[in-house]
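Asker: Below is a structure I'd like to ask you about.
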Amino acid sequence: MRPSQAAPTTEHIAAIIEEHLGREGPLLPMLHALQEAFGHVPQQAVPMIAEALNQTRAEVHGVVSFYHDFRAEPGGRHVLRLCRAEACQAMGGEAAAAETLARLGVDWHGTTADGRLTVEPVYCLGLCACGPSAMLDDVPLGRASPERVAALLEEAGA
């Protein structure tokens with residue numbers, strides 16, 4: 001389970017940006033730190049980062065939207081990642097993912113109504129020999145049938 005994140009404030013965002021300004025290539029470390037602090041990269045941080053790094057807002061937004069690990073909106077307390085790579089698809093991953101999404105009532109990148117769980121696609125978890133694979137927070141799951149995923153979610157309270 002992820003730790004609870006603080007509500008984003010201009011002061012807290014500015015402190016995180018300032019903390020990373022002296023680093024070589026500070027943009028990604030800034031974004032990771034913001035995501036860690038708030039559970040997402042707040043929209044108000046984009047112009048602040050752009051100004052601090054002498055970049056355009058579009059350049060910063062482009063980086064945030066390019067990398068799938070960054071989110072612009074808060075996610076659920078837990079994150080379920082379902083593998084979409086070819087090896088997992090060959091082992092029934094497409095059907096297992098469709099059933100899991102339907103059971104949860106969300107689509108890819110969606111968060112359950114109670115805010116407990118966000119479902120994200122990933123394109124390899126390194127568990128190709130025991131596909132389809134999934135990961136709940138930092139817990140990997142091989143042979144991730146819809147039933148095994150449901151059991152993992154229930155066990156974690158997600």
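Labeling convention for the structure tokens: chains A, B, ... as they appear, residues from 1 per chain, ligands from 1 in order of appearance.
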Do you know which residues are at most 12 Å from A:Tyr67 counting only C-alpha atoms, after dropping those on the same chain fewer than 2 positions away, and could you put them as number ranges by chain?
Answerer: A: 28, 31-32, 41, 60-65, 69-72, 122
Asker: Within 7 Å of stretch 82-89 of chain A, counting only C-alpha atoms, which residues qualify if same-chain residues fewer than 3 places away don't, as a ChimeraX atom specification?
Answerer: /A:92-94,97,120-125,128,131-135
Asker: Could those residues be written to a file, using N, CA and C atoms, as a short mmCIF file (atom, residue, chain, number, x, y, z; two decimals), in the first residue's frame?
Answerer:
data_model
loop_
_atom_site.label_atom_id
_atom_site.label_comp_id
_atom_site.auth_asym_id
_atom_site.auth_seq_id
_atom_site.Cartn_x
_atom_site.Cartn_y
_atom_site.Cartn_z
N GLY A 92 -3.18 -16.02 -22.43
CA GLY A 92 -4.54 -15.67 -22.03
C GLY A 92 -4.68 -14.37 -21.29
N GLY A 93 -3.67 -13.53 -21.36
CA GLY A 93 -3.68 -12.26 -20.64
C GLY A 93 -4.78 -11.32 -21.06
N GLU A 94 -5.10 -11.31 -22.35
CA GLU A 94 -6.14 -10.40 -22.85
C GLU A 94 -7.48 -10.69 -22.19
N ALA A 97 -7.36 -9.97 -18.39
CA ALA A 97 -7.42 -8.54 -18.12
C ALA A 97 -8.84 -8.02 -18.32
N GLU A 120 -3.50 -0.21 -14.16
CA GLU A 120 -2.61 0.30 -15.19
C GLU A 120 -2.09 -0.84 -16.07
N PRO A 121 -1.97 -0.60 -17.37
CA PRO A 121 -1.32 -1.59 -18.22
C PRO A 121 0.20 -1.42 -18.14
N VAL A 122 0.93 -2.51 -18.22
CA VAL A 122 2.38 -2.47 -18.32
C VAL A 122 2.78 -3.39 -19.45
N TYR A 123 3.97 -3.20 -19.96
CA TYR A 123 4.39 -3.97 -21.12
C TYR A 123 5.59 -4.84 -20.82
N CYS A 124 5.66 -5.39 -19.66
CA CYS A 124 6.51 -6.49 -19.24
C CYS A 124 6.85 -6.31 -17.78
N LEU A 125 6.60 -7.35 -17.03
CA LEU A 125 6.96 -7.39 -15.63
C LEU A 125 8.11 -8.35 -15.38
N CYS A 128 7.68 -13.54 -17.72
CA CYS A 128 7.20 -14.12 -18.98
C CYS A 128 6.99 -15.63 -18.91
N GLY A 131 3.31 -16.37 -17.30
CA GLY A 131 2.27 -15.43 -17.67
C GLY A 131 0.90 -16.08 -17.64
N PRO A 132 -0.13 -15.27 -17.68
CA PRO A 132 -0.07 -13.81 -17.64
C PRO A 132 0.35 -13.33 -16.25
N SER A 133 0.94 -12.14 -16.21
CA SER A 133 1.46 -11.65 -14.94
C SER A 133 0.79 -10.33 -14.54
N ALA A 134 0.87 -10.07 -13.26
CA ALA A 134 0.30 -8.86 -12.69
C ALA A 134 1.19 -8.41 -11.54
N MET A 135 0.95 -7.20 -11.05
CA MET A 135 1.66 -6.71 -9.88
C MET A 135 0.72 -5.80 -9.12
#
Asker: Let me make sure I understand: among A:Ala102, A:Ala113, A:Ala14, A:Ala90, which one has the smallest atom-to-atom distance to A:Ala33 if we use only C-alpha atoms?
Answerer: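 That would be A:Ala14, the residue with the smallest distance to A:Ala33.
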Asker: With only C-alpha atoms as the basis for distance, which of A:Arg81, A:His20, A:His68, A:Arg148 is at the shortest distance from A:Val119?
Answerer: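 Answer, going by the shortest atom-to-atom distance: A:Arg81.
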Asker: Extract, using only C-alpha atoms, all DNA, RNA and protein residues at most 8 Å from A:Ile17, discarding same-chain residues fewer than 4 positions from it, and format them as an NGL selection string.
Answerer: :A and (13 or 21 or 30 or 49 or 52)
Asker: Store the residues picked out above, limited to N, CA and C atoms, as a PDB file, in the first residue's frame.
Answerer:
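This went into part.pdb:
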ATOM      1  N   ILE A  13       5.398  22.221  -3.390  1.00  0.00           N
ATOM      2  CA  ILE A  13       5.876  21.993  -4.757  1.00  0.00           C
ATOM      3  C   ILE A  13       7.178  22.757  -4.988  1.00  0.00           C
ATOM      4  N   LEU A  21      17.019  21.271  -8.082  1.00  0.00           N
ATOM      5  CA  LEU A  21      17.552  22.192  -9.099  1.00  0.00           C
ATOM      6  C   LEU A  21      19.038  22.018  -9.364  1.00  0.00           C
ATOM      7  N   MET A  30      12.672  15.553 -10.249  1.00  0.00           N
ATOM      8  CA  MET A  30      11.612  16.432  -9.727  1.00  0.00           C
ATOM      9  C   MET A  30      10.250  15.760  -9.864  1.00  0.00           C
ATOM     10  N   ILE A  49       7.776  24.160 -12.687  1.00  0.00           N
ATOM     11  CA  ILE A  49       8.950  23.424 -13.155  1.00  0.00           C
ATOM     12  C   ILE A  49       9.490  24.071 -14.427  1.00  0.00           C
ATOM     13  N   ALA A  52      11.408  27.160 -13.583  1.00  0.00           N
ATOM     14  CA  ALA A  52      12.659  26.859 -12.875  1.00  0.00           C
ATOM     15  C   ALA A  52      13.716  26.292 -13.811  1.00  0.00           C
TER      16      ALA A  52
END
Asker: Just give me the gap between atom CA of A:Trp108 and atom CA of A:Phe38 in Å, one decimal is fine.
Answerer: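 Those two atoms sit 21.1 Å apart.
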Asker: Give the alpha helix (DSSP H) residues of stretch 41-99 of chain A, as assigned by DSSP on the backbone, as a PyMOL selection string.
Answerer: chain A and resi 45-53+57-66+86-90+93-99
Asker: Looking at A:His12, A:Arg23, A:His78, A:Arg143, which one is nearest to A:Met91, with distances taken over only C-alpha atoms?
Answerer: A:Arg143
Asker: To test your reading of the structure, identify every residue in stretch 6-134 of chain A that backbone DSSP assigns to strand (DSSP E), and report it as a list in words.
Answerer: His78, Val79, Leu80, Arg81, Leu82, Cys83, Leu117, Thr118, Val119, Glu120, Pro121, Val122 and Ala134 of chain A
Asker: Please report the interatomic distance between atom CA of A:Thr100 and atom CA of A:Pro74 in Å with one decimal.
Answerer: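 Computing it gives 21.3 Å between the two atoms.
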